[in-house]
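Here is target04.txt, consisting of compact mmCIF, C-alpha atoms and all ligand atoms:
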# COMPACT_ATOMS: atom_id res chain seq x y z
CA MET Z 1 -183.28 106.49 159.44
CA ASN Z 2 -181.81 104.77 156.39
CA THR Z 3 -184.56 102.67 154.80
CA THR Z 4 -185.16 101.36 151.30
CA PHE Z 5 -187.98 103.90 150.92
CA SER Z 6 -187.28 107.50 149.99
CA ASP Z 7 -188.93 110.25 152.06
CA GLN Z 8 -190.99 111.10 149.00
CA GLU Z 9 -192.30 107.52 148.74
CA ILE Z 10 -193.28 107.50 152.38
CA LYS Z 11 -195.00 110.84 151.92
CA GLU Z 12 -196.99 109.45 148.99
CA LEU Z 13 -197.92 106.32 150.93
CA ARG Z 14 -199.09 108.50 153.81
CA ASP Z 15 -201.00 110.84 151.49
CA GLU Z 16 -202.85 107.77 150.25
CA THR Z 17 -203.79 106.82 153.84
CA PRO Z 18 -206.51 109.19 155.10
CA GLY Z 19 -206.07 108.10 158.72
CA CYS Z 20 -202.52 109.48 158.80
CA THR Z 21 -203.90 113.01 159.11
CA GLU Z 22 -206.15 112.00 162.02
CA VAL Z 23 -204.12 109.78 164.33
CA ASN Z 24 -200.67 108.54 165.24
CA HIS Z 25 -201.61 104.95 164.57
CA LEU Z 26 -199.27 102.55 166.37
CA ASN Z 27 -201.74 99.69 166.48
CA ASN Z 28 -201.12 97.94 163.18
CA ALA Z 29 -200.96 94.60 164.98
CA GLY Z 30 -204.60 95.29 165.90
CA ALA Z 31 -205.85 96.69 162.61
CA ALA Z 32 -203.78 98.89 160.28
CA LEU Z 33 -204.98 102.07 158.61
CA MET Z 34 -206.43 101.26 155.19
CA PRO Z 35 -205.09 103.13 152.17
CA LYS Z 36 -207.44 104.76 149.66
CA PRO Z 37 -207.45 102.00 146.99
CA ILE Z 38 -208.73 99.55 149.60
CA LEU Z 39 -211.40 101.94 150.87
CA ASP Z 40 -212.45 102.65 147.27
CA ALA Z 41 -212.72 98.96 146.34
CA ILE Z 42 -214.99 98.31 149.34
CA GLN Z 43 -217.13 101.40 148.94
CA GLN Z 44 -217.61 100.90 145.18
CA HIS Z 45 -218.82 97.35 145.66
CA ILE Z 46 -221.22 98.29 148.45
CA GLU Z 47 -222.63 100.97 146.18
CA LEU Z 48 -222.94 98.44 143.34
CA GLU Z 49 -224.80 96.06 145.69
CA GLY Z 50 -227.12 98.93 146.61
CA ARG Z 51 -227.82 99.67 142.95
CA VAL Z 52 -228.16 96.22 141.36
CA GLY Z 53 -228.55 93.73 144.22
CA GLY Z 54 -226.01 91.75 146.24
CA TYR Z 55 -226.08 88.48 144.28
CA GLU Z 56 -226.10 90.33 140.97
CA ALA Z 57 -223.15 92.54 142.03
CA ALA Z 58 -221.12 89.43 142.88
CA ASP Z 59 -221.97 88.00 139.44
CA ILE Z 60 -220.82 91.18 137.73
CA LYS Z 61 -217.52 91.02 139.63
CA LYS Z 62 -217.07 87.24 139.24
CA GLU Z 63 -213.84 87.45 137.30
CA VAL Z 64 -212.30 90.08 139.64
CA ILE Z 65 -213.21 87.94 142.65
CA LYS Z 66 -211.45 84.97 141.01
CA GLU Z 67 -208.29 87.08 140.76
CA LEU Z 68 -208.30 87.41 144.55
CA TYR Z 69 -207.16 83.78 144.73
CA THR Z 70 -204.45 84.39 142.16
CA VAL Z 71 -202.96 87.37 144.01
CA THR Z 72 -203.18 85.57 147.36
CA ALA Z 73 -201.40 82.55 145.85
CA LYS Z 74 -198.75 84.89 144.47
CA MET Z 75 -198.22 86.38 147.91
CA LEU Z 76 -197.67 82.93 149.47
CA ASN Z 77 -195.98 81.17 146.51
CA CYS Z 78 -198.67 78.53 146.04
CA LYS Z 79 -201.55 77.85 143.65
CA PRO Z 80 -205.00 79.48 143.80
CA HIS Z 81 -206.57 76.07 144.57
CA ASN Z 82 -204.61 76.06 147.89
CA ILE Z 83 -206.42 79.18 149.20
CA ALA Z 84 -209.72 79.32 151.09
CA TYR Z 85 -211.22 82.64 152.15
CA THR Z 86 -212.75 83.01 155.62
CA ALA Z 87 -213.96 85.74 157.99
CA ASN Z 88 -210.79 86.07 160.11
CA ALA Z 89 -207.71 84.17 161.30
CA THR Z 90 -209.58 82.29 164.04
CA ASP Z 91 -212.16 81.18 161.51
CA SER Z 92 -209.32 79.91 159.28
CA TYR Z 93 -207.70 78.15 162.20
CA THR Z 94 -210.81 76.38 163.50
CA ARG Z 95 -211.76 75.21 160.00
CA ALA Z 96 -208.28 73.71 159.69
CA ILE Z 97 -208.22 71.92 163.03
CA SER Z 98 -211.80 70.73 162.59
CA ALA Z 99 -210.52 68.77 159.56
CA ILE Z 100 -208.09 66.71 161.63
CA PRO Z 101 -209.64 63.40 162.72
CA PHE Z 102 -208.54 63.55 166.36
CA GLU Z 103 -208.92 60.48 168.53
CA ARG Z 104 -208.50 59.99 172.27
CA GLY Z 105 -204.80 60.06 173.18
CA ASP Z 106 -203.68 61.94 170.04
CA ILE Z 107 -201.02 64.52 170.76
CA ILE Z 108 -200.89 68.19 169.80
CA LEU Z 109 -197.40 69.62 170.10
CA THR Z 110 -197.17 73.37 170.45
CA THR Z 111 -194.91 76.03 171.98
CA ASN Z 112 -195.00 78.32 175.01
CA ASP Z 113 -195.79 81.27 172.73
CA ASP Z 114 -198.87 80.13 170.90
CA PHE Z 115 -201.89 82.42 170.41
CA ILE Z 116 -204.46 82.46 173.22
CA SER Z 117 -207.45 81.29 171.13
CA ASN Z 118 -205.46 78.40 169.62
CA GLN Z 119 -204.54 77.25 173.13
CA ILE Z 120 -208.15 77.51 174.30
CA GLN Z 121 -209.28 75.49 171.28
CA PHE Z 122 -206.73 72.78 172.07
CA LEU Z 123 -208.02 72.66 175.64
CA SER Z 124 -211.52 72.29 174.27
CA LEU Z 125 -210.28 69.33 172.19
CA VAL Z 126 -208.78 67.89 175.38
CA LYS Z 127 -212.17 68.22 177.07
CA ARG Z 128 -214.23 66.73 174.24
CA PHE Z 129 -211.91 64.17 172.61
CA GLY Z 130 -209.26 63.44 175.22
CA VAL Z 131 -206.33 64.64 173.13
CA ILE Z 132 -203.11 65.55 174.94
CA VAL Z 133 -201.31 68.88 174.60
CA LYS Z 134 -197.51 69.08 174.90
CA HIS Z 135 -195.37 72.20 174.84
CA ALA Z 136 -191.85 72.33 173.41
CA LYS Z 137 -189.40 74.16 175.68
CA ASN Z 138 -188.19 77.67 175.01
CA ALA Z 139 -184.55 78.39 174.19
CA PRO Z 140 -182.72 80.49 176.85
CA GLY Z 141 -182.76 83.52 174.51
CA GLY Z 142 -186.50 83.15 173.81
CA GLY Z 143 -188.42 81.41 171.03
CA VAL Z 144 -188.83 77.68 170.72
CA ASP Z 145 -185.85 75.44 171.44
CA LEU Z 146 -185.38 73.71 168.08
CA GLU Z 147 -183.59 70.69 169.51
CA ASP Z 148 -186.34 70.11 172.02
CA LEU Z 149 -188.97 70.54 169.32
CA ASP Z 150 -187.25 67.93 167.15
CA ALA Z 151 -186.87 65.57 170.13
CA GLN Z 152 -190.54 65.95 171.11
CA LEU Z 153 -191.61 65.33 167.51
CA TYR Z 154 -189.67 62.03 167.63
CA GLN Z 155 -190.91 61.18 171.10
CA TRP Z 156 -194.63 61.95 170.78
CA LYS Z 157 -195.28 61.59 167.05
CA PRO Z 158 -197.96 64.29 167.40
CA LYS Z 159 -200.94 64.33 165.11
CA LEU Z 160 -200.64 68.12 164.97
CA LEU Z 161 -197.77 70.55 165.36
CA ALA Z 162 -199.02 74.10 166.02
CA ILE Z 163 -196.70 77.11 165.82
CA THR Z 164 -197.57 80.79 166.01
CA HIS Z 165 -195.13 82.75 163.85
CA ILE Z 166 -195.49 85.94 165.93
CA PRO Z 167 -197.54 85.80 169.13
CA THR Z 168 -200.02 88.58 169.74
CA ASN Z 169 -198.39 89.61 173.01
CA SER Z 170 -194.72 89.97 172.10
CA GLY Z 171 -192.31 90.85 169.32
CA LEU Z 172 -190.89 87.34 169.10
CA VAL Z 173 -190.51 85.88 165.59
CA GLN Z 174 -190.31 82.10 165.76
CA PRO Z 175 -187.58 80.55 163.54
CA VAL Z 176 -190.17 79.16 161.12
CA GLU Z 177 -187.87 78.26 158.24
CA GLU Z 178 -185.78 76.07 160.57
CA ILE Z 179 -189.01 74.60 161.96
CA GLY Z 180 -190.14 73.81 158.40
CA LYS Z 181 -186.90 71.86 157.83
CA ILE Z 182 -187.36 69.91 161.07
CA VAL Z 183 -190.98 69.12 160.22
CA SER Z 184 -189.95 67.58 156.89
CA LYS Z 185 -188.40 64.66 158.84
CA HIS Z 186 -191.66 63.87 160.67
CA ASP Z 187 -195.09 62.59 159.81
CA THR Z 188 -197.34 65.23 161.35
CA ILE Z 189 -199.81 67.86 160.24
CA TYR Z 190 -198.27 71.28 160.74
CA ILE Z 191 -200.36 74.44 161.20
CA LEU Z 192 -198.68 77.85 161.22
CA ASP Z 193 -200.54 80.85 162.61
CA ALA Z 194 -199.28 83.68 160.41
CA CYS Z 195 -201.83 86.22 161.59
CA GLN Z 196 -199.27 88.80 162.75
CA SER Z 197 -196.64 88.05 160.13
CA ALA Z 198 -198.75 88.36 156.96
CA GLY Z 199 -198.06 91.82 155.55
CA GLN Z 200 -195.08 92.30 157.86
CA ILE Z 201 -192.72 89.41 156.92
CA PRO Z 202 -192.57 87.85 153.43
CA LEU Z 203 -194.22 84.41 153.51
CA ASP Z 204 -193.33 81.52 151.20
CA VAL Z 205 -195.18 78.30 151.96
CA GLU Z 206 -192.59 76.24 150.05
CA LYS Z 207 -189.95 77.37 152.52
CA LEU Z 208 -192.26 77.27 155.51
CA ASN Z 209 -193.26 73.68 154.68
CA CYS Z 210 -196.55 73.97 156.55
CA ASP Z 211 -199.80 72.13 155.84
CA PHE Z 212 -202.08 74.93 156.98
CA LEU Z 213 -201.33 78.64 157.33
CA SER Z 214 -203.91 80.98 158.82
CA VAL Z 215 -204.11 84.71 158.19
CA THR Z 216 -206.28 87.72 158.91
CA CYS Z 217 -206.37 90.64 156.47
CA ARG Z 218 -206.99 93.67 158.72
CA LYS Z 219 -203.57 93.75 160.41
CA PHE Z 220 -200.26 94.28 158.62
CA LEU Z 221 -201.95 93.53 155.26
CA ARG Z 222 -204.01 96.71 155.73
CA GLY Z 223 -207.34 95.23 154.63
CA ALA Z 224 -210.71 95.84 156.26
CA ARG Z 225 -211.94 94.04 159.34
CA GLY Z 226 -213.83 90.89 158.42
CA THR Z 227 -211.70 88.78 156.08
CA GLY Z 228 -209.07 86.10 156.56
CA PHE Z 229 -207.68 83.22 154.56
CA LEU Z 230 -206.34 79.74 154.99
CA TYR Z 231 -203.61 78.07 152.95
CA ILE Z 232 -204.06 74.31 152.65
CA SER Z 233 -201.21 72.20 151.27
CA ASP Z 234 -201.71 69.71 148.43
CA LYS Z 235 -200.65 67.00 150.90
CA VAL Z 236 -203.67 67.78 153.09
CA LEU Z 237 -206.02 68.25 150.16
CA ASP Z 238 -204.91 64.95 148.59
CA LYS Z 239 -205.48 63.16 151.90
CA GLY Z 240 -209.10 64.25 151.56
CA LEU Z 241 -209.22 66.25 154.82
CA GLU Z 242 -212.31 68.43 154.99
CA PRO Z 243 -213.73 70.77 157.65
CA LEU Z 244 -216.17 69.17 160.07
CA PHE Z 245 -218.95 71.62 159.20
CA ILE Z 246 -218.63 71.66 155.45
CA ASP Z 247 -221.31 73.63 153.63
CA MET Z 248 -222.91 73.77 150.19
CA ARG Z 249 -219.96 75.66 148.74
CA GLY Z 250 -217.52 73.04 150.02
CA ALA Z 251 -219.49 69.98 149.00
CA ASP Z 252 -222.11 68.64 146.60
CA TRP Z 253 -225.17 66.97 148.12
CA VAL Z 254 -225.58 64.14 145.61
CA ALA Z 255 -228.03 61.74 147.29
CA LYS Z 256 -230.26 61.72 150.37
CA ASP Z 257 -227.45 60.30 152.50
CA GLN Z 258 -224.37 61.38 150.59
CA TYR Z 259 -222.28 64.46 149.87
CA VAL Z 260 -219.07 64.78 147.88
CA PRO Z 261 -216.48 67.35 148.99
CA ARG Z 262 -215.16 69.56 146.25
CA ASP Z 263 -211.59 69.43 145.03
CA GLY Z 264 -209.27 72.12 146.30
CA ALA Z 265 -209.33 74.51 149.23
CA ILE Z 266 -212.83 75.69 148.29
CA ARG Z 267 -214.08 72.84 150.49
CA PHE Z 268 -212.95 74.97 153.48
CA GLU Z 269 -215.09 77.96 152.46
CA ASP Z 270 -218.65 79.00 153.27
CA TRP Z 271 -221.18 79.90 150.64
CA GLU Z 272 -221.82 83.39 151.99
CA PHE Z 273 -219.18 86.12 151.75
CA ALA Z 274 -218.92 89.83 152.38
CA TYR Z 275 -217.88 90.43 148.76
CA ALA Z 276 -217.13 94.11 149.29
CA LEU Z 277 -214.58 93.14 151.92
CA LEU Z 278 -213.10 90.44 149.70
CA LEU Z 279 -212.61 93.02 146.97
CA GLY Z 280 -210.98 95.30 149.53
CA THR Z 281 -208.68 92.43 150.49
CA LYS Z 282 -207.75 91.86 146.86
CA ALA Z 283 -206.80 95.55 146.66
CA ALA Z 284 -204.86 95.22 149.95
CA ILE Z 285 -202.79 92.25 148.73
CA GLU Z 286 -202.10 93.95 145.40
CA TYR Z 287 -201.05 97.07 147.30
CA TYR Z 288 -198.78 95.01 149.56
CA LEU Z 289 -197.13 93.29 146.58
CA ALA Z 290 -196.69 96.62 144.79
CA VAL Z 291 -195.10 98.32 147.81
CA GLY Z 292 -192.76 95.32 148.13
CA PRO Z 293 -192.74 92.62 150.84
CA GLU Z 294 -188.95 92.66 151.37
CA ARG Z 295 -188.80 96.44 151.61
CA ILE Z 296 -191.72 96.48 154.03
CA TRP Z 297 -190.04 93.93 156.30
CA ASN Z 298 -186.81 95.90 156.18
CA ARG Z 299 -188.46 99.20 157.14
CA VAL Z 300 -190.71 97.66 159.76
CA GLN Z 301 -187.68 96.18 161.53
CA LEU Z 302 -185.86 99.52 161.49
CA LEU Z 303 -188.88 101.35 162.92
CA ALA Z 304 -189.34 98.67 165.58
CA ASP Z 305 -185.68 98.82 166.52
CA TYR Z 306 -185.84 102.62 166.73
CA THR Z 307 -188.96 102.40 168.93
CA ARG Z 308 -187.32 99.91 171.31
CA LYS Z 309 -184.21 102.09 171.61
CA GLN Z 310 -186.26 105.20 172.43
CA LEU Z 311 -188.44 103.35 174.94
CA ASP Z 312 -185.42 101.80 176.58
CA LYS Z 313 -184.30 105.30 177.67
CA ILE Z 314 -187.39 105.74 179.87
CA PRO Z 315 -186.60 104.96 183.52
CA ASN Z 316 -188.68 102.22 185.14
CA LEU Z 317 -190.02 101.04 181.76
CA ARG Z 318 -189.35 97.37 181.07
CA LEU Z 319 -189.21 96.11 177.48
CA LEU Z 320 -190.53 92.57 177.31
CA ASP Z 321 -189.71 91.22 173.85
CA LYS Z 322 -187.35 88.30 173.78
CA GLY Z 323 -186.28 86.02 170.94
CA PRO Z 324 -183.71 85.23 168.26
CA GLN Z 325 -185.46 87.73 165.99
CA LEU Z 326 -187.85 90.56 166.87
CA CYS Z 327 -190.48 92.37 164.82
CA SER Z 328 -192.81 95.33 164.99
CA LEU Z 329 -194.80 94.24 168.01
CA ILE Z 330 -193.06 96.11 170.78
CA THR Z 331 -194.24 95.33 174.29
CA PHE Z 332 -193.39 96.93 177.60
CA THR Z 333 -194.66 97.26 181.12
CA ILE Z 334 -194.23 99.96 183.76
CA PRO Z 335 -194.41 98.68 187.35
CA GLY Z 336 -196.82 100.62 189.56
CA LEU Z 337 -198.95 102.05 186.73
CA ASN Z 338 -202.26 101.06 185.20
CA ALA Z 339 -202.27 99.88 181.57
CA GLU Z 340 -205.80 101.08 180.73
CA GLN Z 341 -205.04 104.55 182.04
CA ILE Z 342 -201.88 104.77 179.93
CA LYS Z 343 -203.77 103.67 176.84
CA ALA Z 344 -206.63 106.10 177.54
CA GLU Z 345 -204.27 109.05 178.09
CA LEU Z 346 -202.43 108.27 174.86
CA PHE Z 347 -205.75 107.95 173.02
CA LYS Z 348 -206.70 111.46 174.26
CA ARG Z 349 -203.49 112.59 172.55
CA LYS Z 350 -204.52 110.76 169.33
CA ILE Z 351 -201.96 108.00 169.76
CA ASN Z 352 -203.24 104.45 169.28
CA VAL Z 353 -201.71 101.55 171.21
CA VAL Z 354 -203.27 98.50 172.91
CA THR Z 355 -202.97 96.64 176.19
CA SER Z 356 -202.28 92.92 176.73
CA TYR Z 357 -202.93 91.04 179.95
CA ARG Z 358 -201.63 87.88 181.57
CA ASN Z 359 -204.60 85.85 180.37
CA PHE Z 360 -203.65 86.63 176.73
CA ALA Z 361 -200.42 84.71 177.21
CA VAL Z 362 -200.41 82.90 180.53
CA ILE Z 363 -197.16 80.98 179.99
CA ASP Z 364 -195.18 83.91 178.57
CA PHE Z 365 -196.39 86.51 181.07
CA ASP Z 366 -195.86 84.22 184.05
CA GLU Z 367 -192.34 83.48 182.86
CA LYS Z 368 -191.69 87.22 182.51
CA GLY Z 369 -193.44 87.89 185.83
CA VAL Z 370 -195.78 90.58 184.47
CA GLU Z 371 -199.50 91.24 184.67
CA TRP Z 372 -199.83 93.56 181.69
CA ALA Z 373 -198.07 95.02 178.68
CA ILE Z 374 -198.65 97.89 176.30
CA ARG Z 375 -198.19 96.85 172.67
CA VAL Z 376 -196.93 99.33 170.07
CA SER Z 377 -196.83 98.22 166.44
CA PRO Z 378 -195.61 100.69 163.81
CA HIS Z 379 -195.96 99.82 160.12
CA TYR Z 380 -193.93 100.97 157.13
CA TYR Z 381 -196.10 104.06 156.62
CA ASN Z 382 -195.34 105.32 160.13
CA ILE Z 383 -192.50 107.78 160.51
CA GLU Z 384 -189.77 108.43 163.03
CA SER Z 385 -191.38 111.68 164.19
CA GLU Z 386 -194.53 109.74 165.14
CA ILE Z 387 -192.42 107.43 167.29
CA ASP Z 388 -190.68 110.46 168.84
CA LEU Z 389 -194.03 112.09 169.58
CA PHE Z 390 -195.37 108.86 171.09
CA VAL Z 391 -192.32 108.53 173.37
CA PHE Z 392 -192.55 112.19 174.37
CA GLU Z 393 -196.26 111.89 175.21
CA LEU Z 394 -195.70 108.59 177.02
CA ILE Z 395 -193.20 110.32 179.31
CA GLN Z 396 -195.81 113.04 180.06
CA VAL Z 397 -198.43 110.37 180.74
CA ILE Z 398 -196.10 108.46 183.07
CA GLN Z 399 -195.42 111.67 185.02
CA LEU Z 400 -199.12 112.51 185.19
CA LEU Z 401 -200.18 109.04 186.34
CA SER Z 402 -197.28 108.71 188.78
CA SER Z 403 -198.18 112.05 190.40
CA ARG Z 404 -201.83 110.92 190.68
CA THR Z 405 -200.70 107.67 192.34
CA THR Z 406 -198.52 109.62 194.80
CA THR Z 407 -201.42 111.98 195.63
CA ASP Z 408 -203.80 109.02 196.09
CA ASN Z 409 -201.29 107.33 198.39
CA LYS Z 410 -200.90 110.53 200.44
CA LEU Z 411 -204.68 110.92 200.76
CA GLN Z 412 -205.00 107.30 201.87
CA THR Z 413 -202.32 107.89 204.54
CA VAL Z 414 -204.14 111.04 205.76
CA ASN Z 415 -207.52 109.23 205.84
C1 LIG O 1 -201.08 85.62 166.59
C2 LIG O 1 -202.56 85.77 166.37
N1 LIG O 1 -203.24 84.73 165.91
C3 LIG O 1 -204.56 84.80 165.69
C4 LIG O 1 -205.26 85.95 165.94
C5 LIG O 1 -206.74 85.97 165.73
O1 LIG O 1 -207.05 86.75 164.62
P1 LIG O 1 -208.56 87.13 164.31
O2 LIG O 1 -208.96 88.13 165.34
O3 LIG O 1 -208.54 87.67 162.92
O4 LIG O 1 -209.36 85.89 164.41
C6 LIG O 1 -204.58 87.08 166.41
C7 LIG O 1 -205.32 88.31 166.72
O5 LIG O 1 -204.83 89.24 167.28
C8 LIG O 1 -203.19 86.98 166.62
O6 LIG O 1 -202.48 88.03 167.08

Would you kindly transcribe this structure into structure tokens?
Amino acid sequence: MNTTFSDQEIKELRDETPGCTEVNHLNNAGAALMPKPILDAIQQHIELEGRVGGYEAADIKKEVIKELYTVTAKMLNCKPHNIAYTANATDSYTRAISAIPFERGDIILTTNDDFISNQIQFLSLVKRFGVIVKHAKNAPGGGVDLEDLDAQLYQWKPKLLAITHIPTNSGLVQPVEEIGKIVSKHDTIYILDACQSAGQIPLDVEKLNCDFLSVTCRKFLRGARGTGFLYISDKVLDKGLEPLFIDMRGADWVAKDQYVPRDGAIRFEDWEFAYALLLGTKAAIEYYLAVGPERIWNRVQLLADYTRKQLDKIPNLRLLDKGPQLCSLITFTIPGLNAEQIKAELFKRKINVVTSYRNFAVIDFDEKGVEWAIRVSPHYYNIESEIDLFVFELIQVIQLLSSRTTTDNKLQTVN
């Protein structure tokens, strides 16, 4: 495979990733394998906390922690004051939408491929505040229909436009730069869920033209579980939007009945942090920038394409990804088989994949007419031979499970 990485570079990147010797990790859309510099940053800080005390360790590392905001801003092409750190992408997302002063009858415009938890949160807003949720149509080839999106923005004047860059349950990449251009003509708050794209696709908030962008750090960014961040545009900050449950880090309590929110995205943060994880995230973003966002995206697409081509050769296997552009979330289903059993058999063979079910993506799965999918998500440090091994083992697993199903059917007939 012709990628912008030499074999030697990939070898070095793999040597730096201890998990590569243990497993064939094709679940980077769940949580990627952490490289050594990230593990070291976390472990060193935990040890420091153990030696000098947690608050004191954070004080010692104050300047390094500040740099986290600088590297994150560099990654997104914004300023450090636009970044708030959180515990995960959902935490980022709920802080953002809690800042929007929804009133009865306000409209949220979204797509048919938005993330499950975002959709549940909108339905909760429907229940509590009487907001209305509208969905833009999909284009025939998959992904949101841009004309319909534009028309619905004119028609409904939504208070919030919510787009998920890459849904959790398919390889679709929404055309977010085009969406950013459309949004510039409308007066709406625009939130982009970049949970699956951060670390996979280069992100530039100037081009994306979003007001909020939510991220988790354990997936394609290769950080530890337990950190996320939220980008907040100057437009939103200048409007004075603040999270509903602002805490003592986000605001000053100045009189018995008065608090004053702080300037900048810090008003979206909590006082308490897992500083070891934040330092791991700083190492992860530095690592990502050093490896090279464009090169990563290039290699990830090649690996994903290779995976789809190999899977497509398996009889009875149905690839499910659909859209103008696809990424390294590769989903498929196999009629007649059980998803959990496939995953478990692969796990026995040290191959990591995950399952998705209809309730993860009701609209998408119903449209595709499927109950479940297996999701495979190689990252740049994965290699072709791992994909080949996965496909080989998958074929063995399909044969094994199909023969069990046939035997079970025969026994049932006899009984
Ligand atoms: C598209 C998308 N958005 C949001 C999330 C939620 O992320 P987190 O688990 O970090 O809250 C996920 C998790 O898989 C996701 O795939």

Please put the answer as AutoDock Vina command-line options: centre and edge lengths, in Å with one decimal, of a box along x, y and z that encloses all listed atoms of ligand LIG 1 (chain O) plus 6 Å on each side.
--center_x -205.2 --center_y 87.0 --center_z 165.1 --size_x 20.3 --size_y 16.5 --size_z 16.4

Option closest in space to ligand LIG 1 (chain O), from Z:Lys313, Z:Lys368, Z:Arg95, Z:Lys235 [counting all atoms listed in the file]: Z:Arg95

Under the rule of at most 9 Å, produce a per-residue listing of chain Z near ligand LIG 1 (chain O): chain, number, name, the closest pair of atoms, and the distance in Å, as CSV, using all atoms listed in the file.
residue,atom,partner,partner_atom,distance
Z:Ala29,CA,O:LIG1,O5,7.0
Z:Gly30,CA,O:LIG1,O5,6.2
Z:Ala31,CA,O:LIG1,O5,8.9
Z:Ala87,CA,O:LIG1,O3,7.6
Z:Asn88,CA,O:LIG1,O3,3.9
Z:Ala89,CA,O:LIG1,O4,3.9
Z:Thr90,CA,O:LIG1,O4,3.6
Z:Asp91,CA,O:LIG1,O4,6.2
Z:Ser92,CA,O:LIG1,O4,7.9
Z:Tyr93,CA,O:LIG1,C3,8.1
Z:Asp114,CA,O:LIG1,C1,7.3
Z:Phe115,CA,O:LIG1,C1,5.0
Z:Ile116,CA,O:LIG1,N1,7.8
Z:Ser117,CA,O:LIG1,C3,7.1
Z:Asn118,CA,O:LIG1,C3,7.6
Z:Thr164,CA,O:LIG1,C1,6.0
Z:His165,CA,O:LIG1,C1,7.2
Z:Ile166,CA,O:LIG1,C1,5.6
Z:Pro167,CA,O:LIG1,C1,4.4
Z:Thr168,CA,O:LIG1,O6,3.7
Z:Asn169,CA,O:LIG1,O6,7.4
Z:Asp193,CA,O:LIG1,N1,5.8
Z:Ala194,CA,O:LIG1,C1,6.7
Z:Cys195,CA,O:LIG1,N1,4.8
Z:Gln196,CA,O:LIG1,C1,5.3
Z:Ser197,CA,O:LIG1,C1,8.2
Z:Ser214,CA,O:LIG1,C3,7.9
Z:Val215,CA,O:LIG1,O3,7.1
Z:Thr216,CA,O:LIG1,O3,4.6
Z:Cys217,CA,O:LIG1,O3,7.4
Z:Arg218,CA,O:LIG1,O3,7.5
Z:Lys219,CA,O:LIG1,O3,8.2
Z:Arg225,CA,O:LIG1,O3,8.1
Z:Gly226,CA,O:LIG1,O3,7.7
Z:Thr227,CA,O:LIG1,O3,7.6
Z:Gly228,CA,O:LIG1,O3,6.6

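Across the model, the gap from CA of Ala139 (chain Z) to CA of Asp312 (chain Z) is 23.5 Å.
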
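Closest to Pro101 (chain Z) among Z:Glu242, Z:Glu147, Z:Asp247, Z:Asp204 is Z:Glu242, based on all atoms listed in the file.
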
Interatomic distance (Å, one decimal) between CA of Ile387 (chain Z) and CA of Thr307 (chain Z): 6.3 Å

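Between Ala373 (chain Z) and the residues Z:Cys327, Z:Ser170, Z:Ala274, Z:Arg222, the shortest atom-to-atom distance, using all atoms listed in the file, involves Z:Ser170.
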
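Residue nearest Ser377 (chain Z) within the list Z:Lys157, Z:Lys181, Z:Lys61, Z:Arg308: Z:Arg308 [criterion: smallest interatomic distance, all atoms listed in the file].
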
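We find CA of Ile163 (chain Z) and CA of Leu192 (chain Z) to be spaced 5.1 Å apart.
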